[in-house]
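Chemist: Sharing a structure below in structure tokens format, with a few things to ask.
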Amino acid sequence: MRKRIWLGLLMILAVVTVTGWNWYSQQMQSAAPPAEVTAAGESQAWGQNGNDTMANITRKAAAESPVNAPAVPQEQLLSHIKALDFERYTQYDRQRVRDYISQSLTAWGWTPQLQEFDTGINLWAQRAGTDKDAGAILVAAHYDTVAGSPGADDNATGVATVLEVARLLGDRKTPRALWVAFFDEEELGLRGSLAFNSGNLPLKDLRGVIVMDMIGFACHTSGCQQYPKGLPITPPGDKGDFVAVVGDMEHLPLLKTFERNATPGVPPIVTLPVPLKGVMMPDVLRSDHAPFWYSGIGAVLVTDTANLRTPHYHQASDRLATLDRDFFAGSAQLVVNATTALLESTESLASPPAAGSQ
């Protein structure tokens, strides 16, 4: 009953957030440019240490903790984007996406499963781990778009990365099991991920969830990056050259995994731990990680910050030509790095009581 109450509250917040986003975006256009990165005041808030720029932090993390992860070929990622170069809004076009995903997974030895709900269909698959008590890690993205947009960044980049996780890690023997999922109707209020959480799947086995929603656009001019109002930290500069990882305070080790597994070539990483399941910052509830928070499952959102950065958000111009290919490949590599580390570990991803109660 408690889970249903939380999910019901989240559904209301999702609808309010989606319907009110146009107004919010207009308010953001008049916001003052954020401050440049400073050495003091942000390290604890972002979960980083020392008086360093984000790039230096990323390099130090890579040097301190190398990860045994497979390399993600940029060409393979781009081939998925090209295969998904069409609107994924109508039932017919969403079926085309599911066919492509199912055929790809089947070719790599997976057994895709469908989860139907009132107005859509999720697709998911799983492979077992070597330790039945270690649980599973889920990597997921939504595959639908809004009408009028082919959604190269939103969210073919996420779908492509989940597919590469499945291809590269599908036959790797790891203590934890690996799940992959592709959610329908995220653009209509997180309907697919809400259905995934309220269905009869064995979610108790999940130890952590990685959701990607737009990870392929970067901007490098001053003032191109904006931020939500009320952000409880000093914004990390006004250029959109970083990848943001947003997680719940109850599962800080999940966020730390991304910091520890940065390797050369991945973009600078900004981690944002969110208290109180995001109720004080509704903007962080806009994607498919949020229903897992309200199910008590640790989850992170990996994103290029969407319309806070890219002018192609929900536009016909959201195509392969407007992606930053190197940034996209680096973001995908970061996800594969973190996923590999999580699958090979059996450590708890829950925060110590003191940290999780902040």
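The way I read the labels, and the way they are meant: chains A, B, ... in the order of the structure tokens, residue 1 as the first residue of every chain, and ligand 1 as the first ligand shown, with later ones counted on from there.
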Please, which residues of range 159-354 of chain A, numbered as in this document, come out strand (DSSP E) from DSSP, as a ChimeraX atom specification?
Modeler: /A:177-183,206-212,243-248,269-274,299-303
Chemist: Which neighbours of range 153-163 of chain A fall inside 8 Å, counting only C-alpha atoms, when residues of the same chain fewer than 4 positions from it are skipped, and could you give them as an mmCIF file with all heavy atoms, in the first residue's frame?
Modeler:
data_model
loop_
_atom_site.group_PDB
_atom_site.id
_atom_site.type_symbol
_atom_site.label_atom_id
_atom_site.label_comp_id
_atom_site.auth_asym_id
_atom_site.auth_seq_id
_atom_site.Cartn_x
_atom_site.Cartn_y
_atom_site.Cartn_z
ATOM 1 N N LEU A 77 27.506 2.783 -31.912
ATOM 2 C CA LEU A 77 26.508 3.682 -31.345
ATOM 3 C C LEU A 77 25.778 4.449 -32.441
ATOM 4 O O LEU A 77 24.539 4.548 -32.448
ATOM 5 C CB LEU A 77 27.172 4.676 -30.387
ATOM 6 C CG LEU A 77 27.651 4.156 -29.036
ATOM 7 C CD1 LEU A 77 28.528 5.204 -28.367
ATOM 8 C CD2 LEU A 77 26.465 3.804 -28.134
ATOM 9 N N LEU A 78 26.535 4.986 -33.375
ATOM 10 C CA LEU A 78 25.933 5.798 -34.432
ATOM 11 C C LEU A 78 25.069 4.957 -35.357
ATOM 12 O O LEU A 78 24.081 5.459 -35.917
ATOM 13 C CB LEU A 78 27.031 6.511 -35.223
ATOM 14 C CG LEU A 78 27.896 7.494 -34.417
ATOM 15 C CD1 LEU A 78 28.937 8.148 -35.318
ATOM 16 C CD2 LEU A 78 27.039 8.557 -33.732
ATOM 17 N N HIS A 80 23.085 2.625 -34.418
ATOM 18 C CA HIS A 80 21.772 2.562 -33.769
ATOM 19 C C HIS A 80 20.999 3.864 -33.978
ATOM 20 O O HIS A 80 19.780 3.837 -34.229
ATOM 21 C CB HIS A 80 21.937 2.303 -32.270
ATOM 22 C CG HIS A 80 22.563 0.989 -31.937
ATOM 23 N ND1 HIS A 80 22.152 -0.206 -32.478
ATOM 24 C CD2 HIS A 80 23.588 0.677 -31.094
ATOM 25 C CE1 HIS A 80 22.891 -1.199 -31.984
ATOM 26 N NE2 HIS A 80 23.768 -0.677 -31.140
ATOM 27 N N ILE A 81 21.681 4.992 -33.871
ATOM 28 C CA ILE A 81 21.013 6.278 -34.077
ATOM 29 C C ILE A 81 20.446 6.350 -35.490
ATOM 30 O O ILE A 81 19.299 6.788 -35.700
ATOM 31 C CB ILE A 81 21.991 7.451 -33.848
ATOM 32 C CG1 ILE A 81 22.605 7.390 -32.444
ATOM 33 C CG2 ILE A 81 21.266 8.790 -34.051
ATOM 34 C CD1 ILE A 81 21.637 7.563 -31.319
ATOM 35 N N LEU A 84 17.294 4.384 -35.933
ATOM 36 C CA LEU A 84 16.142 4.952 -35.226
ATOM 37 C C LEU A 84 15.816 6.363 -35.701
ATOM 38 O O LEU A 84 15.157 7.118 -34.983
ATOM 39 C CB LEU A 84 16.426 4.965 -33.723
ATOM 40 C CG LEU A 84 16.685 3.597 -33.080
ATOM 41 C CD1 LEU A 84 17.106 3.760 -31.631
ATOM 42 C CD2 LEU A 84 15.452 2.712 -33.181
ATOM 43 N N ILE A 101 14.828 -3.319 -31.547
ATOM 44 C CA ILE A 101 15.431 -3.692 -30.268
ATOM 45 C C ILE A 101 15.380 -5.201 -30.079
ATOM 46 O O ILE A 101 16.376 -5.841 -29.702
ATOM 47 C CB ILE A 101 14.711 -2.970 -29.106
ATOM 48 C CG1 ILE A 101 14.965 -1.459 -29.184
ATOM 49 C CG2 ILE A 101 15.172 -3.522 -27.760
ATOM 50 C CD1 ILE A 101 14.114 -0.650 -28.212
ATOM 51 N N SER A 104 17.821 -7.035 -32.331
ATOM 52 C CA SER A 104 19.199 -6.837 -31.883
ATOM 53 C C SER A 104 19.503 -7.701 -30.663
ATOM 54 O O SER A 104 20.519 -8.415 -30.623
ATOM 55 C CB SER A 104 19.442 -5.365 -31.561
ATOM 56 O OG SER A 104 19.266 -4.543 -32.696
ATOM 57 N N LEU A 105 18.634 -7.660 -29.670
ATOM 58 C CA LEU A 105 18.860 -8.439 -28.454
ATOM 59 C C LEU A 105 18.903 -9.931 -28.754
ATOM 60 O O LEU A 105 19.747 -10.661 -28.230
ATOM 61 C CB LEU A 105 17.764 -8.136 -27.426
ATOM 62 C CG LEU A 105 17.763 -6.740 -26.813
ATOM 63 C CD1 LEU A 105 16.564 -6.568 -25.879
ATOM 64 C CD2 LEU A 105 19.054 -6.457 -26.052
ATOM 65 N N VAL A 139 19.746 -1.388 -16.532
ATOM 66 C CA VAL A 139 20.133 -0.255 -17.366
ATOM 67 C C VAL A 139 18.981 -0.004 -18.328
ATOM 68 O O VAL A 139 18.529 -0.933 -19.015
ATOM 69 C CB VAL A 139 21.437 -0.534 -18.127
ATOM 70 C CG1 VAL A 139 21.858 0.694 -18.929
ATOM 71 C CG2 VAL A 139 22.543 -0.939 -17.156
ATOM 72 N N ALA A 140 18.493 1.237 -18.406
ATOM 73 C CA ALA A 140 17.234 1.475 -19.107
ATOM 74 C C ALA A 140 17.199 2.841 -19.784
ATOM 75 O O ALA A 140 17.977 3.742 -19.457
ATOM 76 C CB ALA A 140 16.061 1.363 -18.123
ATOM 77 N N ALA A 141 16.263 2.987 -20.727
ATOM 78 C CA ALA A 141 16.019 4.244 -21.426
ATOM 79 C C ALA A 141 14.639 4.181 -22.053
ATOM 80 O O ALA A 141 14.107 3.098 -22.315
ATOM 81 C CB ALA A 141 17.075 4.479 -22.508
ATOM 82 N N HIS A 142 14.033 5.342 -22.315
ATOM 83 C CA HIS A 142 12.749 5.352 -23.015
ATOM 84 C C HIS A 142 12.991 5.444 -24.511
ATOM 85 O O HIS A 142 13.958 6.054 -24.969
ATOM 86 C CB HIS A 142 11.851 6.493 -22.516
ATOM 87 C CG HIS A 142 12.209 7.864 -22.996
ATOM 88 N ND1 HIS A 142 11.743 8.385 -24.184
ATOM 89 C CD2 HIS A 142 12.982 8.838 -22.451
ATOM 90 C CE1 HIS A 142 12.193 9.619 -24.342
ATOM 91 N NE2 HIS A 142 12.958 9.918 -23.314
ATOM 92 N N TYR A 143 12.076 4.833 -25.294
ATOM 93 C CA TYR A 143 12.274 4.771 -26.742
ATOM 94 C C TYR A 143 11.287 5.612 -27.538
ATOM 95 O O TYR A 143 11.421 5.724 -28.754
ATOM 96 C CB TYR A 143 12.231 3.319 -27.225
ATOM 97 C CG TYR A 143 10.898 2.610 -27.089
ATOM 98 C CD1 TYR A 143 9.903 2.756 -28.060
ATOM 99 C CD2 TYR A 143 10.642 1.760 -26.013
ATOM 100 C CE1 TYR A 143 8.685 2.092 -27.959
ATOM 101 C CE2 TYR A 143 9.438 1.090 -25.914
ATOM 102 C CZ TYR A 143 8.462 1.253 -26.877
ATOM 103 O OH TYR A 143 7.260 0.591 -26.768
ATOM 104 N N ASP A 144 10.304 6.217 -26.899
ATOM 105 C CA ASP A 144 9.324 7.035 -27.618
ATOM 106 C C ASP A 144 9.833 8.458 -27.790
ATOM 107 O O ASP A 144 10.787 8.883 -27.129
ATOM 108 C CB ASP A 144 7.990 7.052 -26.863
ATOM 109 C CG ASP A 144 8.121 7.638 -25.459
ATOM 110 O OD1 ASP A 144 9.021 7.214 -24.712
ATOM 111 O OD2 ASP A 144 7.338 8.544 -25.105
ATOM 112 N N THR A 145 9.205 9.192 -28.712
ATOM 113 C CA THR A 145 9.502 10.615 -28.897
ATOM 114 C C THR A 145 8.201 11.400 -28.851
ATOM 115 O O THR A 145 7.106 10.835 -28.840
ATOM 116 C CB THR A 145 10.165 10.888 -30.264
ATOM 117 O OG1 THR A 145 9.197 10.655 -31.308
ATOM 118 C CG2 THR A 145 11.359 9.996 -30.497
ATOM 119 N N ARG A 167 24.966 -5.711 -25.629
ATOM 120 C CA ARG A 167 25.863 -6.401 -26.557
ATOM 121 C C ARG A 167 27.213 -6.695 -25.917
ATOM 122 O O ARG A 167 27.762 -7.797 -26.058
ATOM 123 C CB ARG A 167 26.069 -5.550 -27.813
ATOM 124 C CG ARG A 167 26.869 -6.244 -28.912
ATOM 125 C CD ARG A 167 27.029 -5.350 -30.138
ATOM 126 N NE ARG A 167 27.894 -4.210 -29.883
ATOM 127 C CZ ARG A 167 29.221 -4.242 -30.005
ATOM 128 N NH1 ARG A 167 29.842 -5.368 -30.341
ATOM 129 N NH2 ARG A 167 29.938 -3.159 -29.765
ATOM 130 N N VAL A 180 18.124 -5.221 -18.816
ATOM 131 C CA VAL A 180 18.000 -4.041 -19.673
ATOM 132 C C VAL A 180 16.516 -3.810 -19.940
ATOM 133 O O VAL A 180 15.731 -4.767 -20.018
ATOM 134 C CB VAL A 180 18.768 -4.220 -21.007
ATOM 135 C CG1 VAL A 180 20.264 -4.269 -20.769
ATOM 136 C CG2 VAL A 180 18.296 -5.451 -21.775
ATOM 137 N N ALA A 181 16.135 -2.544 -20.068
ATOM 138 C CA ALA A 181 14.724 -2.226 -20.295
ATOM 139 C C ALA A 181 14.601 -1.010 -21.186
ATOM 140 O O ALA A 181 15.449 -0.103 -21.163
ATOM 141 C CB ALA A 181 13.999 -1.980 -18.964
ATOM 142 N N PHE A 182 13.511 -0.993 -21.961
ATOM 143 C CA PHE A 182 13.211 0.096 -22.884
ATOM 144 C C PHE A 182 11.764 0.509 -22.620
ATOM 145 O O PHE A 182 10.832 -0.261 -22.881
ATOM 146 C CB PHE A 182 13.403 -0.370 -24.330
ATOM 147 C CG PHE A 182 14.781 -0.920 -24.591
ATOM 148 C CD1 PHE A 182 15.075 -2.250 -24.293
ATOM 149 C CD2 PHE A 182 15.782 -0.110 -25.102
ATOM 150 C CE1 PHE A 182 16.348 -2.764 -24.510
ATOM 151 C CE2 PHE A 182 17.064 -0.616 -25.323
ATOM 152 C CZ PHE A 182 17.339 -1.941 -25.020
ATOM 153 N N VAL A 211 19.392 4.982 -15.573
ATOM 154 C CA VAL A 211 18.497 5.451 -16.633
ATOM 155 C C VAL A 211 19.209 6.535 -17.425
ATOM 156 O O VAL A 211 19.778 7.462 -16.848
ATOM 157 C CB VAL A 211 17.182 6.004 -16.046
ATOM 158 C CG1 VAL A 211 16.361 6.712 -17.115
ATOM 159 C CG2 VAL A 211 16.366 4.877 -15.418
ATOM 160 N N MET A 212 19.166 6.433 -18.748
ATOM 161 C CA MET A 212 19.732 7.467 -19.606
ATOM 162 C C MET A 212 18.625 8.186 -20.347
ATOM 163 O O MET A 212 17.737 7.544 -20.903
ATOM 164 C CB MET A 212 20.708 6.856 -20.609
ATOM 165 C CG MET A 212 22.036 6.489 -19.991
ATOM 166 S SD MET A 212 22.793 5.138 -20.910
ATOM 167 C CE MET A 212 21.711 3.789 -20.482
ATOM 168 N N ASP A 213 18.690 9.494 -20.317
ATOM 169 C CA ASP A 213 17.721 10.309 -21.049
ATOM 170 C C ASP A 213 18.449 11.522 -21.618
ATOM 171 O O ASP A 213 18.677 12.498 -20.928
ATOM 172 C CB ASP A 213 16.587 10.749 -20.127
ATOM 173 C CG ASP A 213 15.375 11.247 -20.896
ATOM 174 O OD1 ASP A 213 15.473 11.443 -22.123
ATOM 175 O OD2 ASP A 213 14.311 11.445 -20.270
ATOM 176 N N MET A 214 18.860 11.424 -22.889
ATOM 177 C CA MET A 214 19.592 12.463 -23.597
ATOM 178 C C MET A 214 21.031 12.557 -23.091
ATOM 179 O O MET A 214 21.291 13.182 -22.075
ATOM 180 C CB MET A 214 18.888 13.814 -23.496
ATOM 181 C CG MET A 214 17.438 13.790 -23.969
ATOM 182 S SD MET A 214 16.589 15.389 -23.886
ATOM 183 C CE MET A 214 17.556 16.344 -25.070
ATOM 184 N N ILE A 215 21.960 11.930 -23.806
ATOM 185 C CA ILE A 215 23.359 11.961 -23.386
ATOM 186 C C ILE A 215 24.281 12.297 -24.557
ATOM 187 O O ILE A 215 25.463 11.983 -24.514
ATOM 188 C CB ILE A 215 23.785 10.628 -22.742
ATOM 189 C CG1 ILE A 215 23.658 9.452 -23.728
ATOM 190 C CG2 ILE A 215 22.998 10.351 -21.479
ATOM 191 C CD1 ILE A 215 24.311 8.178 -23.226
ATOM 192 N N GLY A 216 23.761 12.993 -25.589
ATOM 193 C CA GLY A 216 24.552 13.193 -26.782
ATOM 194 C C GLY A 216 24.795 14.612 -27.238
ATOM 195 O O GLY A 216 25.343 14.824 -28.321
ATOM 196 N N PHE A 217 24.439 15.615 -26.417
ATOM 197 C CA PHE A 217 24.616 16.996 -26.867
ATOM 198 C C PHE A 217 25.507 17.743 -25.889
ATOM 199 O O PHE A 217 25.325 17.676 -24.668
ATOM 200 C CB PHE A 217 23.271 17.719 -26.983
ATOM 201 C CG PHE A 217 23.384 19.102 -27.565
ATOM 202 C CD1 PHE A 217 23.393 19.291 -28.934
ATOM 203 C CD2 PHE A 217 23.510 20.222 -26.748
ATOM 204 C CE1 PHE A 217 23.518 20.566 -29.490
ATOM 205 C CE2 PHE A 217 23.633 21.492 -27.275
ATOM 206 C CZ PHE A 217 23.630 21.662 -28.655
ATOM 207 N N TYR A 313 15.784 20.413 -28.313
ATOM 208 C CA TYR A 313 14.873 19.638 -27.465
ATOM 209 C C TYR A 313 13.458 19.642 -28.034
ATOM 210 O O TYR A 313 12.855 20.697 -28.248
ATOM 211 C CB TYR A 313 14.876 20.228 -26.051
ATOM 212 C CG TYR A 313 13.956 19.575 -25.061
ATOM 213 C CD1 TYR A 313 14.266 18.328 -24.521
ATOM 214 C CD2 TYR A 313 12.799 20.208 -24.640
ATOM 215 C CE1 TYR A 313 13.431 17.734 -23.586
ATOM 216 C CE2 TYR A 313 11.953 19.623 -23.704
ATOM 217 C CZ TYR A 313 12.278 18.382 -23.185
ATOM 218 O OH TYR A 313 11.441 17.799 -22.254
ATOM 219 N N HIS A 314 12.933 18.451 -28.337
ATOM 220 C CA HIS A 314 11.571 18.270 -28.852
ATOM 221 C C HIS A 314 11.354 18.995 -30.183
ATOM 222 O O HIS A 314 10.240 19.413 -30.486
ATOM 223 C CB HIS A 314 10.526 18.706 -27.831
ATOM 224 C CG HIS A 314 10.386 17.750 -26.686
ATOM 225 N ND1 HIS A 314 9.456 17.923 -25.678
ATOM 226 C CD2 HIS A 314 11.063 16.605 -26.387
ATOM 227 C CE1 HIS A 314 9.554 16.928 -24.805
ATOM 228 N NE2 HIS A 314 10.527 16.113 -25.211
ATOM 229 N N ASP A 318 16.372 17.679 -33.883
ATOM 230 C CA ASP A 318 17.053 16.720 -33.007
ATOM 231 C C ASP A 318 17.443 15.497 -33.826
ATOM 232 O O ASP A 318 16.779 14.452 -33.805
ATOM 233 C CB ASP A 318 16.160 16.331 -31.829
ATOM 234 C CG ASP A 318 16.873 15.423 -30.824
ATOM 235 O OD1 ASP A 318 18.083 15.206 -30.985
ATOM 236 O OD2 ASP A 318 16.205 14.936 -29.893
ATOM 237 N N ARG A 319 18.540 15.628 -34.556
ATOM 238 C CA ARG A 319 18.998 14.595 -35.481
ATOM 239 C C ARG A 319 20.470 14.270 -35.234
ATOM 240 O O ARG A 319 21.165 14.972 -34.467
ATOM 241 C CB ARG A 319 18.818 15.057 -36.936
ATOM 242 C CG ARG A 319 17.351 15.196 -37.334
ATOM 243 C CD ARG A 319 17.194 15.447 -38.825
ATOM 244 N NE ARG A 319 15.787 15.417 -39.223
ATOM 245 C CZ ARG A 319 15.106 14.328 -39.512
ATOM 246 N NH1 ARG A 319 15.722 13.153 -39.461
ATOM 247 N NH2 ARG A 319 13.844 14.380 -39.864
ATOM 248 N N LEU A 320 20.938 13.238 -35.894
ATOM 249 C CA LEU A 320 22.329 12.824 -35.746
ATOM 250 C C LEU A 320 23.285 13.979 -36.037
ATOM 251 O O LEU A 320 24.308 14.138 -35.359
ATOM 252 C CB LEU A 320 22.622 11.654 -36.698
ATOM 253 C CG LEU A 320 24.068 11.163 -36.771
ATOM 254 C CD1 LEU A 320 24.564 10.704 -35.405
ATOM 255 C CD2 LEU A 320 24.190 10.040 -37.794
ATOM 256 N N LEU A 323 24.146 16.136 -32.971
ATOM 257 C CA LEU A 323 24.782 15.528 -31.809
ATOM 258 C C LEU A 323 26.271 15.852 -31.791
ATOM 259 O O LEU A 323 26.885 16.074 -32.834
ATOM 260 C CB LEU A 323 24.613 14.004 -31.834
ATOM 261 C CG LEU A 323 23.200 13.438 -31.728
ATOM 262 C CD1 LEU A 323 23.255 11.914 -31.751
ATOM 263 C CD2 LEU A 323 22.490 13.931 -30.482
ATOM 264 N N PHE A 328 28.926 12.090 -26.978
ATOM 265 C CA PHE A 328 28.009 10.967 -26.884
ATOM 266 C C PHE A 328 28.761 9.670 -26.616
ATOM 267 O O PHE A 328 28.414 8.901 -25.703
ATOM 268 C CB PHE A 328 27.198 10.874 -28.182
ATOM 269 C CG PHE A 328 26.345 9.652 -28.325
ATOM 270 C CD1 PHE A 328 25.729 9.050 -27.228
ATOM 271 C CD2 PHE A 328 26.157 9.078 -29.581
ATOM 272 C CE1 PHE A 328 24.936 7.912 -27.377
ATOM 273 C CE2 PHE A 328 25.366 7.952 -29.744
ATOM 274 C CZ PHE A 328 24.766 7.367 -28.641
ATOM 275 N N ALA A 332 28.468 7.348 -23.237
ATOM 276 C CA ALA A 332 28.138 5.923 -23.293
ATOM 277 C C ALA A 332 29.221 5.087 -22.634
ATOM 278 O O ALA A 332 28.934 4.109 -21.924
ATOM 279 C CB ALA A 332 27.936 5.499 -24.745
ATOM 280 N N VAL A 335 28.817 5.089 -18.916
ATOM 281 C CA VAL A 335 27.748 4.195 -18.476
ATOM 282 C C VAL A 335 28.227 2.745 -18.479
ATOM 283 O O VAL A 335 27.963 1.982 -17.538
ATOM 284 C CB VAL A 335 26.502 4.363 -19.364
ATOM 285 C CG1 VAL A 335 25.461 3.277 -19.066
ATOM 286 C CG2 VAL A 335 25.887 5.740 -19.158
#
Chemist: Out of A:Leu254, A:Leu308, A:Arg260, A:Tyr294, which residue has the shortest atom-to-atom distance to Gln225 in chain A when counting only C-alpha atoms?
Modeler: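 Looking only at the distances to Gln225 in chain A, the closest residue turns out to be A:Leu308.
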Chemist: What lies within 9 Å of Pro253 in chain A using only C-alpha atoms, ignoring chain neighbours under 5 positions off, as a PyMOL selection string?
Modeler: chain A and resi 348-351
Chemist: Since we have the selection now, will you write its residues out, keeping N, CA and C atoms, as a PDB file, in the first residue's frame?
Modeler:
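selection-v3.pdb written:
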ATOM      1  N   SER A 348      26.903  -3.263  -0.912  1.00  0.00           N
ATOM      2  CA  SER A 348      25.608  -2.570  -0.832  1.00  0.00           C
ATOM      3  C   SER A 348      25.697  -1.196  -1.475  1.00  0.00           C
ATOM      4  N   LEU A 349      24.631  -0.799  -2.154  1.00  0.00           N
ATOM      5  CA  LEU A 349      24.559   0.530  -2.772  1.00  0.00           C
ATOM      6  C   LEU A 349      23.730   1.488  -1.934  1.00  0.00           C
ATOM      7  N   ALA A 350      23.310   1.051  -0.756  1.00  0.00           N
ATOM      8  CA  ALA A 350      22.553   1.920   0.143  1.00  0.00           C
ATOM      9  C   ALA A 350      23.510   2.812   0.931  1.00  0.00           C
ATOM     10  N   SER A 351      23.075   4.042   1.176  1.00  0.00           N
ATOM     11  CA  SER A 351      23.886   4.966   1.971  1.00  0.00           C
ATOM     12  C   SER A 351      23.911   4.527   3.428  1.00  0.00           C
TER      13      SER A 351
END
Chemist: So that I can see what lies close to range 118-125 of chain A, please list as a tab-separated table (two decimals) with all heavy atoms, in the first residue's frame the residues with an atom at most 8 Å from it, counting only C-alpha atoms and leaving out residues fewer than 4 positions away in the same chain.
Modeler:
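Writing done, so here's selection10.tsv:
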chain	number	residue	atom	x	y	z
A	98	ARG	N	10.46	-1.33	-31.33
A	98	ARG	CA	10.50	-2.58	-30.58
A	98	ARG	C	11.03	-3.72	-31.43
A	98	ARG	O	11.77	-4.59	-30.94
A	98	ARG	CB	9.11	-2.91	-30.03
A	98	ARG	CG	8.64	-1.98	-28.91
A	98	ARG	CD	7.43	-2.52	-28.20
A	98	ARG	NE	6.25	-2.60	-29.05
A	98	ARG	CZ	5.38	-1.61	-29.24
A	98	ARG	NH1	5.58	-0.43	-28.63
A	98	ARG	NH2	4.33	-1.77	-30.00
A	110	TRP	N	20.04	-12.70	-26.11
A	110	TRP	CA	19.06	-12.35	-25.09
A	110	TRP	C	17.68	-12.89	-25.49
A	110	TRP	O	17.43	-13.20	-26.65
A	110	TRP	CB	18.97	-10.83	-24.93
A	110	TRP	CG	20.19	-10.18	-24.37
A	110	TRP	CD1	21.35	-9.90	-25.03
A	110	TRP	CD2	20.38	-9.71	-23.03
A	110	TRP	NE1	22.25	-9.29	-24.19
A	110	TRP	CE2	21.68	-9.15	-22.96
A	110	TRP	CE3	19.58	-9.68	-21.89
A	110	TRP	CZ2	22.19	-8.58	-21.79
A	110	TRP	CZ3	20.08	-9.12	-20.73
A	110	TRP	CH2	21.37	-8.58	-20.68
A	111	THR	N	16.78	-12.94	-24.51
A	111	THR	CA	15.39	-13.32	-24.75
A	111	THR	C	14.49	-12.15	-24.37
A	111	THR	O	14.15	-11.98	-23.20
A	111	THR	CB	15.00	-14.56	-23.93
A	111	THR	OG1	15.88	-15.64	-24.25
A	111	THR	CG2	13.55	-14.98	-24.25
A	112	PRO	N	14.14	-11.29	-25.33
A	112	PRO	CA	13.33	-10.10	-25.02
A	112	PRO	C	11.93	-10.49	-24.52
A	112	PRO	O	11.34	-11.48	-24.97
A	112	PRO	CB	13.24	-9.37	-26.36
A	112	PRO	CG	14.34	-9.95	-27.21
A	112	PRO	CD	14.51	-11.35	-26.75
A	113	GLN	N	11.43	-9.71	-23.58
A	113	GLN	CA	10.09	-9.91	-23.04
A	113	GLN	C	9.32	-8.60	-23.15
A	113	GLN	O	9.88	-7.51	-22.99
A	113	GLN	CB	10.16	-10.36	-21.59
A	113	GLN	CG	10.96	-11.63	-21.37
A	113	GLN	CD	11.00	-12.05	-19.92
A	113	GLN	OE1	9.98	-12.32	-19.30
A	113	GLN	NE2	12.21	-12.08	-19.35
A	114	LEU	N	8.02	-8.69	-23.40
A	114	LEU	CA	7.15	-7.53	-23.48
A	114	LEU	C	6.33	-7.39	-22.21
A	114	LEU	O	5.88	-8.38	-21.63
A	114	LEU	CB	6.21	-7.64	-24.69
A	114	LEU	CG	6.87	-7.75	-26.07
A	114	LEU	CD1	5.79	-7.85	-27.14
A	114	LEU	CD2	7.79	-6.57	-26.34
A	179	TRP	N	19.95	-6.60	-16.11
A	179	TRP	CA	18.67	-6.38	-16.77
A	179	TRP	C	18.82	-5.18	-17.71
A	179	TRP	O	19.55	-4.23	-17.39
A	179	TRP	CB	17.56	-6.04	-15.78
A	179	TRP	CG	17.14	-7.12	-14.84
A	179	TRP	CD1	17.80	-8.27	-14.51
A	179	TRP	CD2	15.94	-7.11	-14.06
A	179	TRP	NE1	17.09	-8.98	-13.57
A	179	TRP	CE2	15.93	-8.29	-13.28
A	179	TRP	CE3	14.87	-6.23	-13.94
A	179	TRP	CZ2	14.90	-8.61	-12.40
A	179	TRP	CZ3	13.84	-6.54	-13.07
A	179	TRP	CH2	13.86	-7.72	-12.31
A	180	VAL	N	18.12	-5.22	-18.82
A	180	VAL	CA	18.00	-4.04	-19.67
A	180	VAL	C	16.52	-3.81	-19.94
A	180	VAL	O	15.73	-4.77	-20.02
A	180	VAL	CB	18.77	-4.22	-21.01
A	180	VAL	CG1	20.26	-4.27	-20.77
A	180	VAL	CG2	18.30	-5.45	-21.78
A	181	ALA	N	16.14	-2.54	-20.07
A	181	ALA	CA	14.72	-2.23	-20.29
A	181	ALA	C	14.60	-1.01	-21.19
A	181	ALA	O	15.45	-0.10	-21.16
A	181	ALA	CB	14.00	-1.98	-18.96
A	182	PHE	N	13.51	-0.99	-21.96
A	182	PHE	CA	13.21	0.10	-22.88
A	182	PHE	C	11.76	0.51	-22.62
A	182	PHE	O	10.83	-0.26	-22.88
A	182	PHE	CB	13.40	-0.37	-24.33
A	182	PHE	CG	14.78	-0.92	-24.59
A	182	PHE	CD1	15.08	-2.25	-24.29
A	182	PHE	CD2	15.78	-0.11	-25.10
A	182	PHE	CE1	16.35	-2.76	-24.51
A	182	PHE	CE2	17.06	-0.62	-25.32
A	182	PHE	CZ	17.34	-1.94	-25.02
A	183	PHE	N	11.59	1.71	-22.09
A	183	PHE	CA	10.28	2.15	-21.61
A	183	PHE	C	9.52	2.90	-22.70
A	183	PHE	O	10.08	3.72	-23.44
A	183	PHE	CB	10.43	3.07	-20.39
A	183	PHE	CG	11.09	2.40	-19.22
A	183	PHE	CD1	12.15	3.01	-18.55
A	183	PHE	CD2	10.65	1.17	-18.76
A	183	PHE	CE1	12.76	2.42	-17.47
A	183	PHE	CE2	11.26	0.56	-17.66
A	183	PHE	CZ	12.32	1.18	-17.02
A	184	ASP	N	8.23	2.66	-22.76
A	184	ASP	CA	7.33	3.35	-23.67
A	184	ASP	C	6.71	4.55	-22.96
A	184	ASP	O	6.61	4.59	-21.73
A	184	ASP	CB	6.24	2.37	-24.11
A	184	ASP	CG	5.52	2.79	-25.39
A	184	ASP	OD1	5.84	3.87	-25.92
A	184	ASP	OD2	4.65	2.03	-25.84
A	185	GLU	N	6.32	5.54	-23.73
A	185	GLU	CA	5.49	6.67	-23.29
A	185	GLU	C	6.07	7.45	-22.10
A	185	GLU	O	5.33	7.94	-21.25
A	185	GLU	CB	4.08	6.19	-22.98
A	185	GLU	CG	3.36	5.67	-24.22
A	185	GLU	CD	1.88	5.41	-24.02
A	185	GLU	OE1	1.44	5.23	-22.86
A	185	GLU	OE2	1.16	5.39	-25.03
A	192	GLY	N	5.50	4.40	-19.01
A	192	GLY	CA	6.14	3.10	-19.11
A	192	GLY	C	6.87	2.69	-17.85
A	192	GLY	O	6.73	1.56	-17.37
A	196	PHE	N	6.18	-0.32	-15.22
A	196	PHE	CA	7.23	-1.27	-14.89
A	196	PHE	C	7.32	-1.45	-13.38
A	196	PHE	O	7.52	-2.56	-12.88
A	196	PHE	CB	8.55	-0.75	-15.45
A	196	PHE	CG	9.65	-1.77	-15.50
A	196	PHE	CD1	9.76	-2.64	-16.58
A	196	PHE	CD2	10.61	-1.84	-14.51
A	196	PHE	CE1	10.78	-3.58	-16.66
A	196	PHE	CE2	11.64	-2.77	-14.57
A	196	PHE	CZ	11.73	-3.65	-15.65
